[in-house]
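A.B. asks: Just so it is clear, I am handing over data.csv, which has CSV, C-alpha atoms.
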```csv
chain,number,residue,atom,x,y,z
P,1,MET,CA,0.0,0.0,0.0
P,2,LYS,CA,1.1,3.5,-0.9
P,3,TYR,CA,1.8,5.5,2.3
P,4,PRO,CA,1.9,9.2,1.8
P,5,THR,CA,5.1,10.7,3.3
P,6,GLY,CA,3.4,13.8,4.6
P,7,ILE,CA,1.1,11.8,6.8
P,8,LYS,CA,3.8,9.4,8.0
P,9,GLN,CA,5.9,12.3,9.3
P,10,HIS,CA,2.9,13.9,10.9
P,11,THR,CA,1.6,10.8,12.7
P,12,LYS,CA,5.1,10.1,13.9
P,13,LYS,CA,5.2,13.4,15.7
P,14,THR,CA,1.8,13.3,17.2
P,15,ILE,CA,0.4,9.9,18.2
P,16,HIS,CA,-2.8,10.5,20.2
P,17,TYR,CA,-4.9,7.5,20.7
P,18,GLY,CA,-8.6,8.2,20.2
P,19,ASN,CA,-7.6,11.4,18.6
P,20,ARG,CA,-7.5,13.4,21.8
P,21,GLY,CA,-5.2,16.4,21.6
P,22,MET,CA,-5.4,16.8,17.8
P,23,SER,CA,-7.3,19.8,16.6
P,24,LEU,CA,-10.0,19.5,14.0
P,25,GLU,CA,-7.8,21.7,11.7
P,26,GLU,CA,-4.9,19.2,12.0
P,27,ASP,CA,-7.2,16.3,11.4
P,28,ILE,CA,-8.6,17.9,8.2
P,29,ASN,CA,-5.2,18.9,7.0
P,30,ILE,CA,-3.8,15.4,7.2
P,31,THR,CA,-7.0,14.1,5.6
P,32,ASN,CA,-6.5,16.5,2.7
P,33,VAL,CA,-2.9,15.4,2.3
P,34,TYR,CA,-4.2,11.8,2.1
P,35,TYR,CA,-6.8,12.8,-0.5
P,36,ARG,CA,-4.2,14.6,-2.6
P,37,GLU,CA,-1.6,11.9,-2.3
P,38,GLU,CA,-4.1,9.2,-3.2
P,39,ASP,CA,-5.3,11.3,-6.1
P,40,ILE,CA,-8.9,11.5,-4.7
P,41,ALA,CA,-9.4,15.2,-4.4
P,42,VAL,CA,-7.4,18.5,-4.4
P,43,ILE,CA,-8.6,20.4,-1.3
P,44,TYR,CA,-6.6,23.0,0.7
P,45,LYS,CA,-7.0,25.2,3.7
P,46,LYS,CA,-6.6,28.8,2.6
P,47,PRO,CA,-3.8,30.8,4.3
P,48,THR,CA,-4.9,33.0,7.3
P,49,PRO,CA,-5.8,36.4,5.9
P,50,ILE,CA,-3.6,39.2,7.4
P,51,THR,CA,-2.9,42.9,6.7
P,52,ILE,CA,0.8,43.5,6.6
P,53,THR,CA,1.8,47.0,7.8
P,54,LYS,CA,5.6,46.7,8.2
P,55,VAL,CA,8.2,44.6,6.4
P,56,ASP,CA,11.9,44.6,6.9
P,57,PHE,CA,14.5,43.6,4.4
P,58,PRO,CA,17.6,42.5,6.3
P,59,ASN,CA,19.2,41.4,3.1
P,60,ARG,CA,18.3,41.3,-0.6
P,61,LYS,CA,16.8,37.9,-0.6
P,62,GLU,CA,14.9,37.8,2.7
P,63,ALA,CA,11.9,39.8,3.8
P,64,VAL,CA,10.7,39.7,7.5
P,65,ILE,CA,7.2,40.8,8.4
P,66,LYS,CA,7.6,43.0,11.5
P,67,GLU,CA,4.0,44.1,11.9
P,68,ALA,CA,0.7,42.5,10.7
P,69,TYR,CA,-2.8,42.1,11.9
P,70,PHE,CA,-5.4,39.3,11.5
P,71,LYS,CA,-8.3,40.1,9.2
P,72,THR,CA,-11.8,38.8,9.4
P,73,PRO,CA,-12.0,36.1,6.7
P,74,SER,CA,-14.5,37.0,3.8
P,75,THR,CA,-14.7,33.4,2.6
P,76,THR,CA,-14.6,29.9,4.2
P,77,ASP,CA,-11.3,28.3,5.1
P,78,TYR,CA,-11.3,25.3,2.8
P,79,ASN,CA,-12.0,24.8,-0.9
P,80,GLY,CA,-11.0,22.6,-3.8
P,81,ILE,CA,-12.2,20.1,-6.3
P,82,TYR,CA,-13.6,16.6,-6.0
P,83,ARG,CA,-15.1,14.4,-8.7
P,84,GLY,CA,-15.2,17.5,-11.0
P,85,LYS,CA,-17.2,19.5,-8.5
P,86,TYR,CA,-16.3,22.7,-6.6
P,87,ILE,CA,-16.1,21.9,-2.8
P,88,ASP,CA,-16.2,24.6,-0.1
P,89,PHE,CA,-16.4,24.2,3.6
P,90,GLU,CA,-15.8,25.7,7.0
P,91,ALA,CA,-14.6,23.7,10.0
P,92,LYS,CA,-15.3,24.6,13.7
P,93,GLU,CA,-15.0,22.8,17.0
P,94,THR,CA,-16.7,23.7,20.2
P,95,LYS,CA,-16.3,22.6,23.8
P,96,GLN,CA,-19.9,23.3,24.5
P,97,GLU,CA,-23.0,21.0,24.2
P,98,ARG,CA,-24.4,23.3,21.5
P,99,PHE,CA,-22.8,24.9,18.5
P,100,PRO,CA,-22.6,28.7,19.0
P,101,LEU,CA,-23.5,30.5,15.7
P,102,ASN,CA,-21.1,33.4,16.4
P,103,ASN,CA,-18.4,30.9,15.5
P,104,ILE,CA,-19.4,31.6,11.9
P,105,HIS,CA,-19.0,35.1,10.4
P,106,ASN,CA,-21.9,36.5,8.3
P,107,HIS,CA,-19.5,36.9,5.4
P,108,GLN,CA,-19.0,33.2,5.4
P,109,ILE,CA,-22.7,32.5,5.3
P,110,VAL,CA,-23.1,34.9,2.4
P,111,HIS,CA,-20.1,33.3,0.6
P,112,MET,CA,-21.4,29.8,1.0
P,113,LYS,CA,-24.9,30.7,-0.2
P,114,GLN,CA,-23.2,32.2,-3.4
P,115,ILE,CA,-21.2,29.0,-3.8
P,116,ILE,CA,-24.3,26.8,-3.6
P,117,HIS,CA,-26.2,29.1,-5.9
P,118,HIS,CA,-23.4,28.7,-8.5
P,119,GLY,CA,-23.6,24.9,-8.4
P,120,GLY,CA,-20.9,24.2,-5.8
P,121,ILE,CA,-21.0,21.9,-2.8
P,122,GLY,CA,-21.0,23.8,0.5
P,123,PHE,CA,-21.0,22.4,4.1
P,124,PHE,CA,-19.7,22.8,7.6
P,125,ILE,CA,-17.6,20.3,9.6
P,126,ILE,CA,-18.5,20.7,13.3
P,127,ARG,CA,-16.8,18.9,16.1
P,128,PHE,CA,-18.1,18.6,19.7
P,129,THR,CA,-14.8,18.1,21.5
P,130,GLN,CA,-16.3,16.8,24.8
P,131,LYS,CA,-18.1,14.1,23.0
P,132,GLN,CA,-15.3,13.6,20.4
P,133,GLU,CA,-17.9,13.6,17.6
P,134,THR,CA,-17.5,15.3,14.3
P,135,PHE,CA,-20.4,16.0,11.9
P,136,LEU,CA,-20.8,17.1,8.4
P,137,LEU,CA,-23.7,19.6,8.2
P,138,LYS,CA,-25.0,20.7,4.8
P,139,GLY,CA,-24.9,24.5,4.2
P,140,GLU,CA,-28.6,24.4,3.3
P,141,THR,CA,-29.4,22.8,6.7
P,142,LEU,CA,-27.6,25.5,8.6
P,143,PHE,CA,-29.3,28.3,6.5
P,144,THR,CA,-32.7,26.7,7.2
P,145,PHE,CA,-31.9,26.7,11.0
P,146,ILE,CA,-30.9,30.3,10.9
P,147,GLU,CA,-34.0,31.4,9.0
P,148,GLN,CA,-36.4,29.4,11.2
P,149,GLU,CA,-34.9,29.9,14.6
P,150,THR,CA,-33.9,32.9,16.7
P,151,ARG,CA,-31.6,30.9,18.9
P,152,LYS,CA,-27.9,31.9,18.8
P,153,SER,CA,-26.7,28.3,18.9
P,154,ILE,CA,-27.6,25.0,17.3
P,155,PRO,CA,-28.4,22.2,19.7
P,156,TYR,CA,-26.3,19.0,19.6
P,157,ASP,CA,-29.4,17.0,18.9
P,158,TYR,CA,-30.4,19.0,15.9
P,159,ILE,CA,-26.9,18.5,14.4
P,160,LYS,CA,-27.0,14.8,15.2
P,161,GLU,CA,-30.4,14.4,13.6
P,162,ASN,CA,-29.8,16.6,10.5
P,163,GLY,CA,-26.0,16.1,10.1
P,164,TYR,CA,-23.8,13.2,9.2
P,165,LEU,CA,-21.5,11.7,11.8
P,166,ILE,CA,-18.0,11.2,10.4
P,167,THR,CA,-16.4,8.1,11.8
P,168,GLU,CA,-12.7,8.7,12.7
P,169,LYS,CA,-10.2,6.3,11.3
P,170,ILE,CA,-6.5,6.0,11.0
P,171,ASN,CA,-6.3,7.0,7.4
P,172,PRO,CA,-7.9,9.1,6.2
P,173,ARG,CA,-8.4,10.6,9.7
P,174,ILE,CA,-11.8,12.1,9.0
P,175,ASP,CA,-13.2,10.8,5.7
P,176,TYR,CA,-15.7,13.6,5.1
P,177,LEU,CA,-15.7,12.9,1.3
P,178,SER,CA,-17.4,9.5,1.8
P,179,TRP,CA,-20.4,11.5,3.1
P,180,VAL,CA,-20.1,13.9,0.2
P,181,ASP,CA,-20.4,10.8,-2.1
P,182,THR,CA,-23.6,9.8,-0.3
P,183,ILE,CA,-25.2,13.2,0.1
P,184,TYR,CA,-24.3,14.9,-3.2
P,185,PHE,CA,-23.6,12.2,-5.7
P,186,GLU,CA,-26.0,9.4,-4.5
P,187,GLY,CA,-28.6,11.8,-3.3
P,188,GLY,CA,-29.4,11.3,0.4
P,189,LYS,CA,-28.7,9.9,3.8
P,190,SER,CA,-28.0,6.2,3.8
J,1,MET,CA,-27.7,49.7,-14.5
J,2,LYS,CA,-26.6,48.2,-11.3
J,3,TYR,CA,-23.2,49.6,-10.3
J,4,PRO,CA,-21.3,47.6,-7.7
J,5,THR,CA,-20.2,49.8,-4.8
J,6,GLY,CA,-16.8,48.1,-4.4
J,7,ILE,CA,-15.8,48.9,-7.9
J,8,LYS,CA,-17.1,52.5,-7.7
J,9,GLN,CA,-14.9,53.2,-4.7
J,10,HIS,CA,-12.0,51.6,-6.2
J,11,THR,CA,-12.1,53.4,-9.6
J,12,LYS,CA,-12.6,56.7,-7.9
J,13,LYS,CA,-9.3,56.3,-6.1
J,14,THR,CA,-7.3,55.1,-9.0
J,15,ILE,CA,-8.2,56.4,-12.4
J,16,HIS,CA,-5.4,55.6,-14.8
J,17,TYR,CA,-6.2,56.0,-18.4
J,18,GLY,CA,-5.0,53.2,-20.6
J,19,ASN,CA,-4.6,51.2,-17.4
J,20,ARG,CA,-1.0,52.3,-16.8
J,21,GLY,CA,0.0,52.2,-13.2
J,22,MET,CA,-2.5,49.5,-12.1
J,23,SER,CA,-1.0,46.2,-11.4
J,24,LEU,CA,-2.4,43.0,-12.9
J,25,GLU,CA,-3.4,41.9,-9.4
J,26,GLU,CA,-5.4,45.0,-8.8
J,27,ASP,CA,-7.1,44.6,-12.2
J,28,ILE,CA,-8.0,41.0,-11.5
J,29,ASN,CA,-9.3,41.9,-8.0
J,30,ILE,CA,-11.7,44.5,-9.2
J,31,THR,CA,-12.8,42.2,-12.0
J,32,ASN,CA,-13.5,39.5,-9.5
J,33,VAL,CA,-15.5,42.0,-7.4
J,34,TYR,CA,-17.5,42.8,-10.5
J,35,TYR,CA,-18.1,39.1,-11.2
J,36,ARG,CA,-19.3,38.6,-7.6
J,37,GLU,CA,-21.5,41.7,-7.4
J,38,GLU,CA,-23.1,40.9,-10.8
J,39,ASP,CA,-23.6,37.3,-9.6
J,40,ILE,CA,-21.5,35.9,-12.5
J,41,ALA,CA,-18.9,33.9,-10.6
J,42,VAL,CA,-17.3,33.6,-7.1
J,43,ILE,CA,-13.6,33.8,-7.5
J,44,TYR,CA,-11.1,35.1,-4.9
J,45,LYS,CA,-7.4,35.6,-4.6
J,46,LYS,CA,-6.0,33.5,-1.8
J,47,PRO,CA,-4.3,35.3,1.1
J,48,THR,CA,-0.5,35.4,0.9
J,49,PRO,CA,0.8,32.3,2.7
J,50,ILE,CA,3.1,33.2,5.7
J,51,THR,CA,4.6,31.5,8.6
J,52,ILE,CA,3.9,33.3,11.9
J,53,THR,CA,6.7,33.1,14.4
J,54,LYS,CA,5.8,35.7,17.0
J,55,VAL,CA,2.5,37.2,18.1
J,56,ASP,CA,1.9,39.8,20.8
J,57,PHE,CA,-1.4,40.3,22.6
J,58,PRO,CA,-1.4,44.0,23.8
J,59,ASN,CA,-4.9,43.5,25.1
J,60,ARG,CA,-7.5,40.7,25.3
J,61,LYS,CA,-9.1,41.5,22.0
J,62,GLU,CA,-6.2,42.3,19.7
J,63,ALA,CA,-3.4,40.2,18.4
J,64,VAL,CA,-0.4,41.8,16.6
J,65,ILE,CA,1.9,39.6,14.5
J,66,LYS,CA,5.4,40.8,15.4
J,67,GLU,CA,7.4,38.3,13.3
J,68,ALA,CA,6.4,36.3,10.2
J,69,TYR,CA,8.0,35.1,6.9
J,70,PHE,CA,6.6,34.7,3.4
J,71,LYS,CA,6.2,31.1,2.4
J,72,THR,CA,6.5,29.7,-1.1
J,73,PRO,CA,2.9,29.1,-2.3
J,74,SER,CA,2.0,25.5,-2.9
J,75,THR,CA,-1.0,26.3,-5.0
J,76,THR,CA,-2.0,29.0,-7.5
J,77,ASP,CA,-3.2,32.4,-6.3
J,78,TYR,CA,-6.8,32.4,-7.5
J,79,ASN,CA,-9.7,29.9,-7.4
J,80,GLY,CA,-13.4,29.8,-7.3
J,81,ILE,CA,-16.5,28.7,-9.2
J,82,TYR,CA,-18.0,29.7,-12.5
J,83,ARG,CA,-21.0,28.1,-14.3
J,84,GLY,CA,-20.7,25.2,-11.9
J,85,LYS,CA,-17.1,24.5,-12.7
J,86,TYR,CA,-14.0,24.8,-10.5
J,87,ILE,CA,-11.7,27.6,-11.8
J,88,ASP,CA,-8.0,27.9,-10.9
J,89,PHE,CA,-5.4,30.3,-12.2
J,90,GLU,CA,-2.2,32.1,-11.6
J,91,ALA,CA,-1.5,35.7,-12.8
J,92,LYS,CA,1.9,37.1,-13.6
J,93,GLU,CA,3.2,40.2,-15.3
J,94,THR,CA,6.6,40.7,-16.9
J,95,LYS,CA,8.5,43.8,-18.2
J,96,GLN,CA,10.4,41.6,-20.6
J,97,GLU,CA,9.6,40.7,-24.2
J,98,ARG,CA,9.3,37.0,-23.2
J,99,PHE,CA,7.7,35.3,-20.2
J,100,PRO,CA,10.3,33.9,-17.8
J,101,LEU,CA,9.2,30.5,-16.6
J,102,ASN,CA,10.9,30.9,-13.2
J,103,ASN,CA,7.9,33.2,-12.5
J,104,ILE,CA,6.0,30.1,-11.8
J,105,HIS,CA,6.9,27.6,-9.1
J,106,ASN,CA,7.1,24.0,-9.8
J,107,HIS,CA,4.5,23.4,-7.0
J,108,GLN,CA,2.1,25.5,-8.9
J,109,ILE,CA,2.6,23.5,-12.1
J,110,VAL,CA,2.0,20.2,-10.2
J,111,HIS,CA,-1.1,21.8,-8.6
J,112,MET,CA,-2.6,22.9,-11.8
J,113,LYS,CA,-2.1,19.5,-13.4
J,114,GLN,CA,-3.9,17.9,-10.5
J,115,ILE,CA,-6.8,20.4,-10.9
J,116,ILE,CA,-7.2,19.7,-14.6
J,117,HIS,CA,-6.9,16.0,-14.0
J,118,HIS,CA,-9.8,16.2,-11.6
J,119,GLY,CA,-12.0,18.1,-14.1
J,120,GLY,CA,-11.3,21.7,-13.2
J,121,ILE,CA,-10.4,24.6,-15.5
J,122,GLY,CA,-6.8,25.8,-15.1
J,123,PHE,CA,-5.0,28.6,-16.9
J,124,PHE,CA,-2.5,31.5,-16.6
J,125,ILE,CA,-3.1,35.2,-17.0
J,126,ILE,CA,0.1,36.7,-18.4
J,127,ARG,CA,0.6,40.4,-18.9
J,128,PHE,CA,3.4,42.0,-20.9
J,129,THR,CA,3.6,45.4,-19.2
J,130,GLN,CA,5.6,47.1,-22.0
J,131,LYS,CA,3.1,46.2,-24.6
J,132,GLN,CA,0.1,46.6,-22.2
J,133,GLU,CA,-1.2,43.2,-23.4
J,134,THR,CA,-2.8,40.6,-21.2
J,135,PHE,CA,-3.3,37.0,-22.4
J,136,LEU,CA,-5.1,34.0,-21.1
J,137,LEU,CA,-3.0,30.9,-21.6
J,138,LYS,CA,-4.5,27.4,-21.0
J,139,GLY,CA,-2.6,25.3,-18.4
J,140,GLU,CA,-2.4,22.5,-21.0
J,141,THR,CA,-0.6,24.9,-23.5
J,142,LEU,CA,2.0,25.9,-20.9
J,143,PHE,CA,2.6,22.2,-19.9
J,144,THR,CA,3.1,21.3,-23.6
J,145,PHE,CA,5.6,24.1,-24.0
J,146,ILE,CA,7.6,23.0,-20.9
J,147,GLU,CA,7.6,19.4,-22.1
J,148,GLN,CA,8.7,20.2,-25.7
J,149,GLU,CA,11.1,23.0,-25.1
J,150,THR,CA,14.3,23.5,-23.0
J,151,ARG,CA,14.0,27.3,-23.1
J,152,LYS,CA,13.6,29.0,-19.8
J,153,SER,CA,11.1,31.5,-21.1
J,154,ILE,CA,8.1,31.6,-23.4
J,155,PRO,CA,8.4,34.0,-26.4
J,156,TYR,CA,5.8,36.7,-26.7
J,157,ASP,CA,4.9,35.3,-30.2
J,158,TYR,CA,4.2,31.9,-28.8
J,159,ILE,CA,1.8,33.3,-26.3
J,160,LYS,CA,0.2,35.6,-28.9
J,161,GLU,CA,-0.4,32.6,-31.1
J,162,ASN,CA,-1.5,30.0,-28.6
J,163,GLY,CA,-3.1,32.3,-26.0
J,164,TYR,CA,-6.1,34.5,-26.0
J,165,LEU,CA,-5.7,38.3,-25.8
J,166,ILE,CA,-8.0,39.8,-23.1
J,167,THR,CA,-9.3,43.2,-24.3
J,168,GLU,CA,-9.3,45.7,-21.4
J,169,LYS,CA,-12.5,47.5,-20.7
J,170,ILE,CA,-13.9,49.8,-18.1
J,171,ASN,CA,-16.0,47.2,-16.4
J,172,PRO,CA,-15.1,44.4,-16.0
J,173,ARG,CA,-11.6,45.5,-16.3
J,174,ILE,CA,-10.2,42.3,-17.7
J,175,ASP,CA,-13.0,40.0,-18.7
J,176,TYR,CA,-11.1,36.7,-18.7
J,177,LEU,CA,-14.4,34.8,-18.2
J,178,SER,CA,-15.6,35.6,-21.7
J,179,TRP,CA,-12.6,33.7,-23.0
J,180,VAL,CA,-13.4,30.9,-20.5
J,181,ASP,CA,-16.8,30.7,-22.1
J,182,THR,CA,-15.3,30.4,-25.6
J,183,ILE,CA,-12.5,28.0,-24.7
J,184,TYR,CA,-14.1,25.7,-22.2
J,185,PHE,CA,-17.8,25.9,-22.7
J,186,GLU,CA,-18.0,26.4,-26.5
J,187,GLY,CA,-15.0,24.4,-27.3
J,188,GLY,CA,-12.4,26.5,-29.1
J,189,LYS,CA,-10.9,29.7,-30.2
J,190,SER,CA,-13.4,31.9,-32.0
```
Here is a file; write its structure as structure tokens.
C.D. replies:
Amino acid sequence: MKYPTGIKQHTKKTIHYGNRGMSLEEDINITNVYYREEDIAVIYKKPTPITITKVDFPNRKEAVIKEAYFKTPSTTDYNGIYRGKYIDFEAKETKQERFPLNNIHNHQIVHMKQIIHHGGIGFFIIRFTQKQETFLLKGETLFTFIEQETRKSIPYDYIKENGYLITEKINPRIDYLSWVDTIYFEGGKS
Amino acid sequence: MKYPTGIKQHTKKTIHYGNRGMSLEEDINITNVYYREEDIAVIYKKPTPITITKVDFPNRKEAVIKEAYFKTPSTTDYNGIYRGKYIDFEAKETKQERFPLNNIHNHQIVHMKQIIHHGGIGFFIIRFTQKQETFLLKGETLFTFIEQETRKSIPYDYIKENGYLITEKINPRIDYLSWVDTIYFEGGKS
């Protein structure tokens, strides 16, 4: 079996049984490396958007950023291509029993609505760290919740019922694309 | 006619007749704003990838990056969705009479090959600043050149012959998607 070098190096450094201690972002990143190395999909996390205000050039070849600020992202964090389709998602984890909606910026909601409107696939990956459960929630499902409810957070039970539990494995760590197959290519919850 | 606010503000600040003085990146950014505001496509430039090595927290709400370095990008700069298809491109300008291939990192070539392999649309936007001419060059065309030639730059004439000249307009500034229509949706050079 082909074993992607990127993942090997990563798991060597950070063996955590039952996945405790690894962030959702790290899990998704090594999953995306797996997808790329196995030629399944090309999906990346976008770099963190910053505003650079001061750069030093200690020598001709090197530039050092000396002052910069984090910007509010105008899009979601992850995008790419899978089975010819444009994929777009945001990933968030919470320690609470509910998912607080202020975790997601309004820009990101608007962005994902545009993506879906143009024929792309848009969803959220939400992890409840206490329960160690990670769900895929369709963009459309989250929009419906926001339109119908005034609550500022989504209850765990709502996500459990309307989302898709991603079983964690060794490799790929969190195989969210197998749910994408079921939901978007086979047309429903199995 | 609907006039997107983002563009209005931008053109107000930077009126340059014949487009001199505006970088290709600025032209593409305002073009992408136009595409989004007119609901034509959702395409963004990715943030510049950096490695953050030092962050200060002067107060609880604000973080200031005090040391960071530019990273070599592993993907192309622009991606998004248009007519349901995944779009991916890199934009470069040169003052020379030829396009130097060291402007494009090997990572970016590998990335674009993967994108095309997975059913996406991948191309380069190349501007010759002396001539004030901007071309769309298909990813496949650039790959063919690299495979067949040992030269370290692509001659202007080659790009003129095998690429697509983008006529600059007021709005959208450089309407590269009209060539995408012709090449990828209607199947050829008109």
A.B. asks: For Lys95 in chain P, please output as a ChimeraX atom specification all residues within 12 Å (counting only C-alpha atoms; exclusion window: fewer than 5 positions along the same chain).
C.D. replies: /P:23,100,103,126-133,156
A.B. asks: Counting only C-alpha atoms, which residues of chain J come no farther than 7 Å from chain P, as a list in words?
C.D. replies: Val42, Lys46, Pro47, Thr48, Pro49, Ala63, Val64, Ile65, Lys66, Glu67, Ala68, Tyr69, Ile81, Tyr82, Arg83, Gly84, Lys85, Tyr86, Ile115, His118, Gly119 and Gly120 of chain J
A.B. asks: What's around Ile183 in chain J at 12 Å? Count all atoms listed in the file, leave out sequence neighbours fewer than 6 positions away in its own chain, and write the answer as a list in words.
C.D. replies: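 The residues that qualify are Ile121, Gly122, Phe123, Leu136, Leu137, Lys138, Asn162, Gly163, Tyr164, Tyr176, Leu177, Lys189 and Ser190 of chain J.
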A.B. asks: Near range 145-151 of chain J, counting all atoms listed in the file, which residues have an atom at most 12 Å away, once you skip same-chain residues fewer than 5 positions from it, shown as a short mmCIF file (atom, residue, chain, number, x, y, z; two decimals) with C-alpha atoms, in the coordinates of the input?
C.D. replies:
```
data_model
loop_
_atom_site.label_atom_id
_atom_site.label_comp_id
_atom_site.auth_asym_id
_atom_site.auth_seq_id
_atom_site.Cartn_x
_atom_site.Cartn_y
_atom_site.Cartn_z
CA ARG J 98 9.30 37.00 -23.20
CA PHE J 99 7.70 35.30 -20.20
CA PRO J 100 10.30 33.90 -17.80
CA LEU J 101 9.20 30.50 -16.60
CA ASN J 102 10.90 30.90 -13.20
CA ILE J 104 6.00 30.10 -11.80
CA ASN J 106 7.10 24.00 -9.80
CA ILE J 109 2.60 23.50 -12.10
CA LEU J 137 -3.00 30.90 -21.60
CA LYS J 138 -4.50 27.40 -21.00
CA GLY J 139 -2.60 25.30 -18.40
CA GLU J 140 -2.40 22.50 -21.00
CA TYR J 158 4.20 31.90 -28.80
CA ILE J 159 1.80 33.30 -26.30
CA ASN J 162 -1.50 30.00 -28.60
#
```
A.B. asks: Report, in Å with one decimal, the straight-line distance from CA of Ile154 in chain P to CA of Leu142 in chain P.
C.D. replies: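 Here the two named atoms are 8.7 Å from each other.
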A.B. asks: Report the distance between CA of Asp181 in chain P and CA of Val33 in chain P in Å, rounded to one decimal place.
C.D. replies: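 Result for CA of Asp181 in chain P versus CA of Val33 in chain P: 18.6 Å, one decimal.
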A.B. asks: Please, what distance in Å, to one decimal, runs between CA of Glu93 in chain J and CA of Thr134 in chain J?
C.D. replies: 8.4 Å
A.B. asks: Render range 64-69 of chain J from the structure in the preceding block as a file of all heavy atoms, as a PDB file, in the first residue's frame.
C.D. replies:
```pdb
ATOM      1  N   VAL J  64      -1.274  41.144  17.634  1.00  0.00           N
ATOM      2  CA  VAL J  64      -0.395  41.779  16.649  1.00  0.00           C
ATOM      3  C   VAL J  64       0.705  40.787  16.283  1.00  0.00           C
ATOM      4  O   VAL J  64       1.401  40.266  17.159  1.00  0.00           O
ATOM      5  CB  VAL J  64       0.252  43.077  17.200  1.00  0.00           C
ATOM      6  CG1 VAL J  64       1.060  43.779  16.104  1.00  0.00           C
ATOM      7  CG2 VAL J  64      -0.798  43.998  17.771  1.00  0.00           C
ATOM      8  N   ILE J  65       0.830  40.518  14.988  1.00  0.00           N
ATOM      9  CA  ILE J  65       1.903  39.644  14.521  1.00  0.00           C
ATOM     10  C   ILE J  65       3.190  40.473  14.505  1.00  0.00           C
ATOM     11  O   ILE J  65       3.253  41.527  13.871  1.00  0.00           O
ATOM     12  CB  ILE J  65       1.576  39.092  13.121  1.00  0.00           C
ATOM     13  CG1 ILE J  65       0.299  38.251  13.181  1.00  0.00           C
ATOM     14  CG2 ILE J  65       2.749  38.270  12.574  1.00  0.00           C
ATOM     15  CD1 ILE J  65      -0.381  38.054  11.839  1.00  0.00           C
ATOM     16  N   LYS J  66       4.188  39.993  15.233  1.00  0.00           N
ATOM     17  CA  LYS J  66       5.435  40.756  15.359  1.00  0.00           C
ATOM     18  C   LYS J  66       6.570  40.174  14.533  1.00  0.00           C
ATOM     19  O   LYS J  66       7.594  40.832  14.305  1.00  0.00           O
ATOM     20  CB  LYS J  66       5.856  40.809  16.844  1.00  0.00           C
ATOM     21  CG  LYS J  66       5.041  41.798  17.660  1.00  0.00           C
ATOM     22  CD  LYS J  66       5.312  43.214  17.154  1.00  0.00           C
ATOM     23  CE  LYS J  66       4.727  44.257  18.085  1.00  0.00           C
ATOM     24  NZ  LYS J  66       4.875  45.602  17.488  1.00  0.00           N
ATOM     25  N   GLU J  67       6.413  38.924  14.131  1.00  0.00           N
ATOM     26  CA  GLU J  67       7.429  38.326  13.262  1.00  0.00           C
ATOM     27  C   GLU J  67       6.784  37.239  12.418  1.00  0.00           C
ATOM     28  O   GLU J  67       6.122  36.347  12.939  1.00  0.00           O
ATOM     29  CB  GLU J  67       8.577  37.739  14.083  1.00  0.00           C
ATOM     30  CG  GLU J  67       9.798  37.386  13.250  1.00  0.00           C
ATOM     31  CD  GLU J  67      10.896  36.783  14.117  1.00  0.00           C
ATOM     32  OE1 GLU J  67      11.716  37.551  14.656  1.00  0.00           O
ATOM     33  OE2 GLU J  67      10.910  35.550  14.270  1.00  0.00           O
ATOM     34  N   ALA J  68       6.984  37.337  11.118  1.00  0.00           N
ATOM     35  CA  ALA J  68       6.431  36.336  10.200  1.00  0.00           C
ATOM     36  C   ALA J  68       7.260  36.352   8.919  1.00  0.00           C
ATOM     37  O   ALA J  68       7.958  37.326   8.628  1.00  0.00           O
ATOM     38  CB  ALA J  68       4.973  36.645   9.901  1.00  0.00           C
ATOM     39  N   TYR J  69       7.192  35.248   8.172  1.00  0.00           N
ATOM     40  CA  TYR J  69       7.971  35.119   6.945  1.00  0.00           C
ATOM     41  C   TYR J  69       7.068  34.694   5.799  1.00  0.00           C
ATOM     42  O   TYR J  69       6.107  33.954   6.013  1.00  0.00           O
ATOM     43  CB  TYR J  69       9.089  34.090   7.133  1.00  0.00           C
ATOM     44  CG  TYR J  69      10.067  34.504   8.193  1.00  0.00           C
ATOM     45  CD1 TYR J  69       9.841  34.192   9.540  1.00  0.00           C
ATOM     46  CD2 TYR J  69      11.196  35.244   7.865  1.00  0.00           C
ATOM     47  CE1 TYR J  69      10.725  34.602  10.528  1.00  0.00           C
ATOM     48  CE2 TYR J  69      12.092  35.661   8.839  1.00  0.00           C
ATOM     49  CZ  TYR J  69      11.850  35.340  10.167  1.00  0.00           C
ATOM     50  OH  TYR J  69      12.711  35.756  11.135  1.00  0.00           O
TER      51      TYR J  69
END
```
